[in-house]
>>> print(open('my_file_4.txt').read())   # compact mmCIF, N, CA and C atoms and all ligand atoms
# COMPACT_ATOMS: atom_id res chain seq x y z
N MET A 1 38.67 11.48 -59.03
CA MET A 1 37.33 11.91 -59.44
C MET A 1 36.28 10.96 -58.86
N ARG A 2 36.62 9.64 -58.97
CA ARG A 2 35.66 8.65 -58.48
C ARG A 2 35.45 8.77 -56.96
N THR A 3 36.58 8.90 -56.27
CA THR A 3 36.47 9.03 -54.80
C THR A 3 35.71 10.30 -54.45
N HIS A 4 35.94 11.33 -55.27
CA HIS A 4 35.28 12.60 -55.05
C HIS A 4 33.75 12.40 -55.10
N ARG A 5 33.34 11.70 -56.16
CA ARG A 5 31.90 11.49 -56.33
C ARG A 5 31.34 10.62 -55.20
N THR A 6 32.12 9.62 -54.81
CA THR A 6 31.67 8.75 -53.71
C THR A 6 31.50 9.58 -52.44
N ALA A 7 32.47 10.47 -52.23
CA ALA A 7 32.41 11.30 -51.02
C ALA A 7 31.15 12.15 -51.02
N ILE A 8 30.83 12.70 -52.20
CA ILE A 8 29.61 13.52 -52.28
C ILE A 8 28.38 12.64 -51.99
N GLY A 9 28.40 11.43 -52.55
CA GLY A 9 27.29 10.49 -52.34
C GLY A 9 27.13 10.18 -50.87
N VAL A 10 28.24 9.89 -50.20
CA VAL A 10 28.19 9.54 -48.78
C VAL A 10 27.67 10.74 -47.97
N ALA A 11 28.19 11.93 -48.31
CA ALA A 11 27.77 13.12 -47.58
C ALA A 11 26.27 13.34 -47.75
N PHE A 12 25.79 13.11 -48.98
CA PHE A 12 24.37 13.31 -49.26
C PHE A 12 23.53 12.31 -48.48
N ALA A 13 23.97 11.03 -48.49
CA ALA A 13 23.24 9.99 -47.77
C ALA A 13 23.20 10.31 -46.27
N LEU A 14 24.33 10.77 -45.76
CA LEU A 14 24.39 11.09 -44.34
C LEU A 14 23.42 12.21 -43.98
N GLN A 15 23.40 13.23 -44.86
CA GLN A 15 22.54 14.37 -44.62
C GLN A 15 21.07 13.94 -44.59
N LEU A 16 20.75 13.02 -45.51
CA LEU A 16 19.39 12.50 -45.60
C LEU A 16 19.02 11.77 -44.31
N CYS A 17 19.97 10.94 -43.82
CA CYS A 17 19.73 10.21 -42.57
C CYS A 17 19.51 11.18 -41.43
N ILE A 18 20.34 12.23 -41.39
CA ILE A 18 20.22 13.18 -40.29
C ILE A 18 18.86 13.87 -40.36
N ALA A 19 18.44 14.24 -41.59
CA ALA A 19 17.15 14.90 -41.74
C ALA A 19 16.03 13.99 -41.27
N VAL A 20 16.07 12.72 -41.68
CA VAL A 20 15.01 11.78 -41.31
C VAL A 20 15.04 11.51 -39.81
N SER A 21 16.25 11.29 -39.26
CA SER A 21 16.28 10.93 -37.84
C SER A 21 16.02 12.15 -36.96
N ALA A 22 16.29 13.37 -37.49
CA ALA A 22 15.99 14.55 -36.67
C ALA A 22 14.48 14.67 -36.51
N GLN A 23 13.76 14.34 -37.57
CA GLN A 23 12.31 14.44 -37.52
C GLN A 23 11.73 13.45 -36.51
N TYR A 24 12.30 12.24 -36.48
CA TYR A 24 11.74 11.19 -35.62
C TYR A 24 12.75 10.74 -34.59
N ALA A 25 13.63 11.64 -34.13
CA ALA A 25 14.68 11.27 -33.19
C ALA A 25 14.09 10.59 -31.96
N GLY A 26 14.65 9.45 -31.61
CA GLY A 26 14.21 8.76 -30.40
C GLY A 26 13.05 7.81 -30.64
N TRP A 27 12.37 7.96 -31.76
CA TRP A 27 11.25 7.08 -32.08
C TRP A 27 11.74 5.96 -32.99
N THR A 28 11.10 4.79 -32.90
CA THR A 28 11.42 3.71 -33.83
C THR A 28 10.34 3.70 -34.91
N ILE A 29 10.67 4.28 -36.05
CA ILE A 29 9.70 4.42 -37.14
C ILE A 29 10.26 3.71 -38.38
N PRO A 30 9.61 2.64 -38.86
CA PRO A 30 10.12 1.99 -40.06
C PRO A 30 10.12 2.94 -41.25
N GLU A 31 11.02 2.66 -42.19
CA GLU A 31 11.24 3.56 -43.31
C GLU A 31 9.96 3.88 -44.10
N ASN A 32 9.11 2.87 -44.30
CA ASN A 32 7.93 3.09 -45.15
C ASN A 32 6.69 3.51 -44.34
N ALA A 33 6.88 3.86 -43.06
CA ALA A 33 5.74 4.16 -42.18
C ALA A 33 4.89 5.32 -42.72
N ALA A 34 5.56 6.32 -43.30
CA ALA A 34 4.83 7.51 -43.74
C ALA A 34 3.80 7.19 -44.82
N SER A 35 4.04 6.11 -45.58
CA SER A 35 3.07 5.79 -46.64
C SER A 35 2.09 4.70 -46.22
N GLU A 36 2.21 4.24 -44.97
CA GLU A 36 1.30 3.21 -44.47
C GLU A 36 -0.05 3.86 -44.12
N LYS A 37 -1.10 3.37 -44.75
CA LYS A 37 -2.43 3.98 -44.52
C LYS A 37 -3.19 3.17 -43.48
N SER A 38 -4.07 3.83 -42.75
CA SER A 38 -4.90 3.11 -41.79
C SER A 38 -5.78 2.10 -42.51
N PRO A 39 -5.83 0.84 -42.03
CA PRO A 39 -6.71 -0.14 -42.65
C PRO A 39 -8.17 0.06 -42.20
N LEU A 40 -8.40 0.97 -41.26
CA LEU A 40 -9.75 1.20 -40.75
C LEU A 40 -10.34 2.47 -41.35
N ALA A 41 -11.66 2.46 -41.53
CA ALA A 41 -12.34 3.67 -41.97
C ALA A 41 -12.52 4.58 -40.76
N PRO A 42 -12.53 5.91 -41.00
CA PRO A 42 -12.77 6.82 -39.87
C PRO A 42 -14.25 6.85 -39.49
N SER A 43 -14.84 5.69 -39.31
CA SER A 43 -16.28 5.59 -39.02
C SER A 43 -16.54 5.90 -37.55
N ALA A 44 -17.80 6.23 -37.23
CA ALA A 44 -18.17 6.52 -35.85
C ALA A 44 -17.82 5.34 -34.94
N ASP A 45 -18.05 4.12 -35.43
CA ASP A 45 -17.75 2.91 -34.64
C ASP A 45 -16.27 2.82 -34.26
N ASN A 46 -15.41 2.99 -35.26
CA ASN A 46 -13.97 2.88 -35.01
C ASN A 46 -13.48 3.99 -34.09
N ILE A 47 -14.03 5.20 -34.27
CA ILE A 47 -13.61 6.33 -33.44
C ILE A 47 -14.08 6.11 -31.99
N THR A 48 -15.29 5.56 -31.82
CA THR A 48 -15.78 5.28 -30.46
C THR A 48 -14.91 4.23 -29.79
N LYS A 49 -14.53 3.20 -30.54
CA LYS A 49 -13.65 2.16 -29.99
C LYS A 49 -12.30 2.78 -29.62
N GLY A 50 -11.77 3.61 -30.51
CA GLY A 50 -10.50 4.29 -30.25
C GLY A 50 -10.58 5.19 -29.04
N ARG A 51 -11.72 5.87 -28.89
CA ARG A 51 -11.87 6.80 -27.77
C ARG A 51 -11.81 6.05 -26.44
N SER A 52 -12.46 4.88 -26.39
CA SER A 52 -12.46 4.18 -25.10
C SER A 52 -11.08 3.58 -24.81
N LEU A 53 -10.35 3.14 -25.85
CA LEU A 53 -8.97 2.66 -25.63
C LEU A 53 -8.07 3.83 -25.22
N PHE A 54 -8.31 4.99 -25.80
CA PHE A 54 -7.53 6.18 -25.46
C PHE A 54 -7.78 6.56 -24.00
N ALA A 55 -9.07 6.48 -23.58
CA ALA A 55 -9.41 6.84 -22.20
C ALA A 55 -8.67 5.93 -21.22
N SER A 56 -8.56 4.64 -21.52
CA SER A 56 -7.93 3.75 -20.54
C SER A 56 -6.40 3.72 -20.67
N ASN A 57 -5.83 4.07 -21.82
CA ASN A 57 -4.38 3.93 -21.98
C ASN A 57 -3.60 5.24 -22.11
N CYS A 58 -4.24 6.28 -22.57
CA CYS A 58 -3.48 7.47 -22.98
C CYS A 58 -3.87 8.74 -22.22
N GLN A 59 -5.14 8.78 -21.80
CA GLN A 59 -5.71 10.00 -21.24
C GLN A 59 -4.94 10.52 -20.03
N LYS A 60 -4.42 9.62 -19.19
CA LYS A 60 -3.74 10.08 -17.97
C LYS A 60 -2.56 10.99 -18.30
N CYS A 61 -1.96 10.84 -19.45
CA CYS A 61 -0.87 11.75 -19.85
C CYS A 61 -1.35 12.79 -20.87
N HIS A 62 -2.06 12.31 -21.90
CA HIS A 62 -2.40 13.23 -23.00
C HIS A 62 -3.67 14.03 -22.75
N GLY A 63 -4.44 13.69 -21.71
CA GLY A 63 -5.70 14.39 -21.45
C GLY A 63 -6.81 13.86 -22.34
N PRO A 64 -8.08 14.08 -21.96
CA PRO A 64 -9.21 13.48 -22.66
C PRO A 64 -9.29 13.88 -24.14
N LEU A 65 -8.84 15.09 -24.47
CA LEU A 65 -8.92 15.55 -25.86
C LEU A 65 -7.55 15.64 -26.51
N GLY A 66 -6.56 14.93 -25.93
CA GLY A 66 -5.24 14.87 -26.55
C GLY A 66 -4.42 16.13 -26.45
N LYS A 67 -4.79 17.02 -25.51
CA LYS A 67 -4.09 18.31 -25.40
C LYS A 67 -2.77 18.22 -24.64
N GLY A 68 -2.46 17.06 -24.09
CA GLY A 68 -1.21 16.90 -23.34
C GLY A 68 -1.36 17.35 -21.90
N ASP A 69 -2.61 17.46 -21.43
CA ASP A 69 -2.86 18.01 -20.10
C ASP A 69 -3.40 16.98 -19.10
N GLY A 70 -3.01 15.70 -19.28
CA GLY A 70 -3.44 14.68 -18.32
C GLY A 70 -2.69 14.82 -17.01
N PRO A 71 -3.23 14.27 -15.91
CA PRO A 71 -2.60 14.42 -14.59
C PRO A 71 -1.20 13.81 -14.50
N ASP A 72 -0.89 12.79 -15.31
CA ASP A 72 0.43 12.16 -15.25
C ASP A 72 1.45 12.79 -16.20
N SER A 73 1.05 13.84 -16.89
CA SER A 73 1.99 14.49 -17.80
C SER A 73 3.03 15.22 -16.97
N ASP A 74 4.29 14.95 -17.23
CA ASP A 74 5.39 15.55 -16.48
C ASP A 74 5.68 16.94 -17.07
N ALA A 75 5.56 17.98 -16.22
CA ALA A 75 5.69 19.34 -16.72
C ALA A 75 7.05 19.59 -17.39
N ARG A 76 8.11 18.87 -16.94
CA ARG A 76 9.43 19.09 -17.54
C ARG A 76 9.54 18.45 -18.92
N ARG A 77 8.78 17.33 -19.10
CA ARG A 77 8.76 16.67 -20.41
C ARG A 77 7.32 16.29 -20.71
N PRO A 78 6.50 17.29 -21.05
CA PRO A 78 5.05 17.07 -21.15
C PRO A 78 4.66 16.11 -22.27
N ALA A 79 3.53 15.43 -22.06
CA ALA A 79 2.97 14.60 -23.12
C ALA A 79 2.58 15.54 -24.25
N ALA A 80 2.80 15.10 -25.48
CA ALA A 80 2.57 15.97 -26.63
C ALA A 80 1.10 16.38 -26.73
N ASP A 81 0.88 17.61 -27.19
CA ASP A 81 -0.47 18.05 -27.57
C ASP A 81 -0.72 17.49 -28.97
N LEU A 82 -1.56 16.45 -29.04
CA LEU A 82 -1.74 15.74 -30.31
C LEU A 82 -2.56 16.55 -31.30
N THR A 83 -3.10 17.70 -30.84
CA THR A 83 -3.91 18.52 -31.74
C THR A 83 -3.13 19.71 -32.32
N ASP A 84 -1.82 19.80 -31.98
CA ASP A 84 -0.98 20.85 -32.55
C ASP A 84 -0.96 20.73 -34.07
N GLU A 85 -1.21 21.84 -34.75
CA GLU A 85 -1.28 21.75 -36.22
C GLU A 85 0.02 21.34 -36.87
N PHE A 86 1.16 21.73 -36.27
CA PHE A 86 2.44 21.39 -36.90
C PHE A 86 2.67 19.88 -36.91
N ARG A 87 1.91 19.15 -36.10
CA ARG A 87 2.11 17.70 -36.05
C ARG A 87 1.40 16.96 -37.19
N TYR A 88 0.43 17.60 -37.84
CA TYR A 88 -0.34 16.88 -38.85
C TYR A 88 0.56 16.32 -39.95
N ASP A 89 1.43 17.19 -40.47
CA ASP A 89 2.28 16.78 -41.58
C ASP A 89 3.35 15.78 -41.19
N ILE A 90 3.90 15.93 -39.98
CA ILE A 90 4.96 15.00 -39.58
C ILE A 90 4.39 13.69 -39.05
N ASN A 91 3.08 13.63 -38.86
CA ASN A 91 2.47 12.43 -38.30
C ASN A 91 1.36 11.84 -39.18
N PRO A 92 1.72 11.35 -40.37
CA PRO A 92 0.70 10.63 -41.14
C PRO A 92 0.30 9.35 -40.41
N ASP A 93 -0.78 8.71 -40.85
CA ASP A 93 -1.35 7.52 -40.17
C ASP A 93 -0.29 6.55 -39.63
N GLY A 94 0.57 6.07 -40.55
CA GLY A 94 1.52 5.01 -40.19
C GLY A 94 2.52 5.47 -39.14
N VAL A 95 2.88 6.74 -39.18
CA VAL A 95 3.85 7.25 -38.20
C VAL A 95 3.21 7.29 -36.80
N VAL A 96 1.96 7.74 -36.73
CA VAL A 96 1.27 7.75 -35.43
C VAL A 96 1.17 6.31 -34.91
N TYR A 97 0.81 5.39 -35.80
CA TYR A 97 0.68 3.97 -35.42
C TYR A 97 1.99 3.46 -34.79
N HIS A 98 3.11 3.71 -35.46
CA HIS A 98 4.39 3.18 -34.93
C HIS A 98 4.86 3.94 -33.70
N LYS A 99 4.50 5.23 -33.59
CA LYS A 99 4.85 5.96 -32.37
C LYS A 99 4.11 5.34 -31.18
N ILE A 100 2.84 4.96 -31.40
CA ILE A 100 2.07 4.33 -30.32
C ILE A 100 2.65 2.95 -29.99
N MET A 101 2.91 2.15 -31.00
CA MET A 101 3.38 0.79 -30.76
C MET A 101 4.77 0.73 -30.13
N ASN A 102 5.68 1.61 -30.59
CA ASN A 102 7.08 1.53 -30.13
C ASN A 102 7.43 2.51 -29.03
N GLY A 103 6.62 3.56 -28.86
CA GLY A 103 6.89 4.55 -27.82
C GLY A 103 8.20 5.28 -28.04
N ARG A 104 8.54 6.11 -27.05
CA ARG A 104 9.82 6.80 -27.09
C ARG A 104 10.39 6.82 -25.68
N PRO A 105 11.28 5.89 -25.41
CA PRO A 105 11.81 5.80 -24.05
C PRO A 105 12.59 7.07 -23.69
N PRO A 106 12.51 7.54 -22.47
CA PRO A 106 11.71 7.00 -21.36
C PRO A 106 10.36 7.70 -21.20
N ASP A 107 10.01 8.64 -22.11
CA ASP A 107 8.85 9.49 -21.86
C ASP A 107 7.51 8.88 -22.27
N MET A 108 7.51 8.24 -23.42
CA MET A 108 6.24 7.74 -23.94
C MET A 108 6.31 6.21 -23.99
N PRO A 109 5.40 5.53 -23.26
CA PRO A 109 5.47 4.06 -23.22
C PRO A 109 5.15 3.42 -24.58
N ALA A 110 5.65 2.20 -24.79
CA ALA A 110 5.32 1.42 -26.00
C ALA A 110 4.08 0.60 -25.71
N PHE A 111 3.21 0.49 -26.71
CA PHE A 111 1.95 -0.23 -26.49
C PHE A 111 1.85 -1.52 -27.26
N LYS A 112 2.97 -1.98 -27.86
CA LYS A 112 2.84 -3.17 -28.71
C LYS A 112 2.49 -4.43 -27.94
N SER A 113 2.75 -4.45 -26.62
CA SER A 113 2.32 -5.64 -25.87
C SER A 113 0.99 -5.41 -25.16
N THR A 114 0.40 -4.22 -25.32
CA THR A 114 -0.88 -3.92 -24.67
C THR A 114 -2.01 -3.88 -25.70
N LEU A 115 -1.73 -3.26 -26.84
CA LEU A 115 -2.78 -3.07 -27.85
C LEU A 115 -2.55 -4.02 -29.03
N SER A 116 -3.64 -4.57 -29.56
CA SER A 116 -3.54 -5.36 -30.79
C SER A 116 -3.37 -4.37 -31.94
N ARG A 117 -3.04 -4.92 -33.10
CA ARG A 117 -2.88 -4.10 -34.30
C ARG A 117 -4.16 -3.27 -34.56
N ASN A 118 -5.29 -3.96 -34.53
CA ASN A 118 -6.56 -3.30 -34.81
C ASN A 118 -6.91 -2.25 -33.76
N GLU A 119 -6.61 -2.56 -32.50
CA GLU A 119 -6.88 -1.59 -31.44
C GLU A 119 -6.03 -0.34 -31.64
N ALA A 120 -4.75 -0.55 -31.97
CA ALA A 120 -3.86 0.61 -32.16
C ALA A 120 -4.35 1.46 -33.33
N TRP A 121 -4.82 0.82 -34.41
CA TRP A 121 -5.33 1.61 -35.55
C TRP A 121 -6.60 2.36 -35.14
N ALA A 122 -7.44 1.77 -34.28
CA ALA A 122 -8.65 2.48 -33.82
C ALA A 122 -8.23 3.72 -33.02
N VAL A 123 -7.15 3.58 -32.22
CA VAL A 123 -6.65 4.74 -31.47
C VAL A 123 -6.14 5.81 -32.45
N VAL A 124 -5.47 5.37 -33.53
CA VAL A 124 -5.00 6.34 -34.54
C VAL A 124 -6.21 7.10 -35.11
N GLU A 125 -7.30 6.39 -35.39
CA GLU A 125 -8.50 7.07 -35.92
C GLU A 125 -9.04 8.08 -34.91
N TYR A 126 -9.02 7.72 -33.63
CA TYR A 126 -9.49 8.66 -32.61
C TYR A 126 -8.58 9.89 -32.56
N VAL A 127 -7.25 9.64 -32.55
CA VAL A 127 -6.30 10.75 -32.49
C VAL A 127 -6.53 11.70 -33.68
N LYS A 128 -6.75 11.13 -34.86
CA LYS A 128 -6.98 11.98 -36.03
C LYS A 128 -8.28 12.79 -35.87
N SER A 129 -9.28 12.19 -35.20
CA SER A 129 -10.56 12.89 -35.05
C SER A 129 -10.44 14.09 -34.10
N LEU A 130 -9.35 14.13 -33.31
CA LEU A 130 -9.14 15.26 -32.38
C LEU A 130 -8.55 16.48 -33.08
N ARG A 131 -8.00 16.24 -34.29
CA ARG A 131 -7.37 17.35 -35.01
C ARG A 131 -8.44 18.30 -35.52
N LYS A 132 -8.08 19.60 -35.53
CA LYS A 132 -9.02 20.57 -36.08
C LYS A 132 -9.10 20.37 -37.58
N PRO A 133 -10.29 20.53 -38.17
CA PRO A 133 -10.38 20.38 -39.62
C PRO A 133 -9.51 21.44 -40.31
N GLN A 134 -8.85 21.03 -41.40
CA GLN A 134 -7.95 21.98 -42.07
C GLN A 134 -8.60 22.61 -43.29
C1 LIG B 1 3.16 8.01 -19.31
C2 LIG B 1 2.61 9.07 -20.12
C3 LIG B 1 2.13 8.73 -21.51
C4 LIG B 1 1.19 7.80 -21.89
C5 LIG B 1 0.44 6.83 -20.99
C6 LIG B 1 1.04 7.95 -23.32
N1 LIG B 1 1.87 8.91 -23.80
FE1 LIG B 1 2.02 9.53 -25.73
N2 LIG B 1 3.55 10.75 -25.23
C7 LIG B 1 3.98 10.98 -23.96
C8 LIG B 1 5.07 11.93 -23.99
C9 LIG B 1 5.83 12.46 -22.79
C10 LIG B 1 5.26 12.26 -25.36
C11 LIG B 1 6.30 13.22 -25.94
C12 LIG B 1 7.49 12.38 -26.27
C13 LIG B 1 8.49 13.15 -27.03
O1 LIG B 1 8.15 13.79 -28.03
O2 LIG B 1 9.64 13.06 -26.63
C14 LIG B 1 4.28 11.49 -26.11
C15 LIG B 1 4.16 11.54 -27.48
C16 LIG B 1 3.15 10.92 -28.19
C17 LIG B 1 2.96 11.01 -29.63
C18 LIG B 1 3.88 11.69 -30.60
C19 LIG B 1 3.52 13.10 -30.88
C20 LIG B 1 4.43 13.71 -31.91
O3 LIG B 1 3.95 14.57 -32.66
O4 LIG B 1 5.60 13.31 -32.00
C21 LIG B 1 1.83 10.33 -29.94
C22 LIG B 1 1.20 10.15 -31.32
C23 LIG B 1 1.32 9.79 -28.70
N3 LIG B 1 2.15 10.16 -27.67
C24 LIG B 1 0.18 9.06 -28.59
C25 LIG B 1 -0.17 8.33 -27.45
C26 LIG B 1 -1.26 7.39 -27.40
C27 LIG B 1 -2.24 7.15 -28.53
C28 LIG B 1 -1.23 6.83 -26.16
C29 LIG B 1 -2.10 5.70 -25.64
C30 LIG B 1 -2.17 4.49 -26.44
C31 LIG B 1 -0.16 7.45 -25.41
N4 LIG B 1 0.47 8.36 -26.23
C32 LIG B 1 0.15 7.20 -24.08
C33 LIG B 1 3.50 10.42 -22.80
C34 LIG B 1 2.55 9.42 -22.73
>>> encode(input="my_file_4.txt", output="structure tokens")
Amino acid sequence: MRTHRTAIGVAFALQLCIAVSAQYAGWTIPENAASEKSPLAPSADNITKGRSLFASNCQKCHGPLGKGDGPDSDARRPAADLTDEFRYDINPDGVVYHKIMNGRPPDMPAFKSTLSRNEAWAVVEYVKSLRKPQ
């Protein structure tokens, strides 16, 4: 009986891992990322700062408005359209932050050695400003 229950527990834990890793497969996302809130306000200043960092670091792949239509976007593995509505729920603040910092090899570069913490959060604010209001 005990082994039976343990087996169910293990199966459940495994299923949970598969569900979590399927959502973020290939990305390095810390466990508590989804509840991590942006330390910056979505103010005009922060969004302007984020926009200029986006223009110099991200636009060549993601396009000026995050549609995934930049000149360096590879048609076989295109840069994500960051304004897709299905992405809003799977990409809360902290998840976008860690996707930017850690990247997803080999398609999406990591920016942790290029952007400071504050710069990356400003980019998160800009990315959020590209989403259509819900
Ligand atoms: C060399 C091209 C390239 C550059 C530069 C680049 N990206 Fe990406 N990015 C990609 C590709 C390709 C994907 C899709 C990866 C995947 O899902 O496998 C992606 C995915 C993402 C995602 C995840 C979308 C999702 O819903 O999973 C975010 C967020 C993102 N990029 C933001 C940025 C930001 C912000 C920058 C600049 C700091 C940036 N990217 C720079 C190519 C790039």
>>> residues_near_ligand(input="my_file_4.txt", ligand="ligand LIG 1 (chain B)", cutoff="5 Å", atoms="all atoms listed in the file", output="list in words")
Asn57, Cys58, Cys61, Arg77, Pro78, Ala79, Ala80, Arg87, Val96, Asp107, Met108 and Pro109 of chain A
>>> atom_distance(input="my_file_4.txt", atom1="atom CA of A:Asp74", atom2="atom N of A:His62")
9.8 Å
>>> residues_around(input="my_file_4.txt", residues="stretch 35-39 of chain A", least_positions_apart="6", cutoff="7 Å", atoms="all atoms listed in the file", output="count of residues only")
5
>>> residues_around(input="my_file_4.txt", residues="A:Leu65", least_positions_apart="3", cutoff="9 Å", atoms="only C-alpha atoms", output="JSON, numbers by chain")
{"A": [59, 62, 68, 69, 81, 82, 83, 127, 130]}
>>> write_last_selection(input="my_file_4.txt", atoms="N, CA and C atoms", output="mmCIF file, in the frame of the given file")
data_model
loop_
_atom_site.group_PDB
_atom_site.id
_atom_site.type_symbol
_atom_site.label_atom_id
_atom_site.label_comp_id
_atom_site.auth_asym_id
_atom_site.auth_seq_id
_atom_site.Cartn_x
_atom_site.Cartn_y
_atom_site.Cartn_z
ATOM 1 N N GLN A 59 -5.140 8.780 -21.800
ATOM 2 C CA GLN A 59 -5.710 10.000 -21.240
ATOM 3 C C GLN A 59 -4.940 10.520 -20.030
ATOM 4 N N HIS A 62 -2.060 12.310 -21.900
ATOM 5 C CA HIS A 62 -2.400 13.230 -23.000
ATOM 6 C C HIS A 62 -3.670 14.030 -22.750
ATOM 7 N N GLY A 68 -2.460 17.060 -24.090
ATOM 8 C CA GLY A 68 -1.210 16.900 -23.340
ATOM 9 C C GLY A 68 -1.360 17.350 -21.900
ATOM 10 N N ASP A 69 -2.610 17.460 -21.430
ATOM 11 C CA ASP A 69 -2.860 18.010 -20.100
ATOM 12 C C ASP A 69 -3.400 16.980 -19.100
ATOM 13 N N ASP A 81 0.880 17.610 -27.190
ATOM 14 C CA ASP A 81 -0.470 18.050 -27.570
ATOM 15 C C ASP A 81 -0.720 17.490 -28.970
ATOM 16 N N LEU A 82 -1.560 16.450 -29.040
ATOM 17 C CA LEU A 82 -1.740 15.740 -30.310
ATOM 18 C C LEU A 82 -2.560 16.550 -31.300
ATOM 19 N N THR A 83 -3.100 17.700 -30.840
ATOM 20 C CA THR A 83 -3.910 18.520 -31.740
ATOM 21 C C THR A 83 -3.130 19.710 -32.320
ATOM 22 N N VAL A 127 -7.250 9.640 -32.550
ATOM 23 C CA VAL A 127 -6.300 10.750 -32.490
ATOM 24 C C VAL A 127 -6.530 11.700 -33.680
ATOM 25 N N LEU A 130 -9.350 14.130 -33.310
ATOM 26 C CA LEU A 130 -9.140 15.260 -32.380
ATOM 27 C C LEU A 130 -8.550 16.480 -33.080
#
>>> closest_residue(input="my_file_4.txt", among="A:His4, A:Arg104, A:Lys112, A:Arg131", to="A:Glu85", atoms="only N, CA and C atoms")
A:Arg131
>>> closest_residue(input="my_file_4.txt", among="A:Gly103, A:Pro42, A:Pro71, A:Pro133", to="A:Tyr88", atoms="only C-alpha atoms")
A:Pro133
>>> atom_distance(input="my_file_4.txt", atom1="atom C of A:Ile90", atom2="atom CA of A:Asp45")
25.0 Å
>>> atom_distance(input="my_file_4.txt", atom1="atom CA of A:Lys60", atom2="atom N of A:Asp72")
4.7 Å
>>> axis_aligned_box(input="my_file_4.txt", around="stretch 55-66 of chain A", padding_each_side="4 Å", output="lines of an AutoDock Vina configuration file")
center_x = -5.1
center_y = 9.9
center_z = -22.3
size_x = 16.5
size_y = 20.4
size_z = 16.6
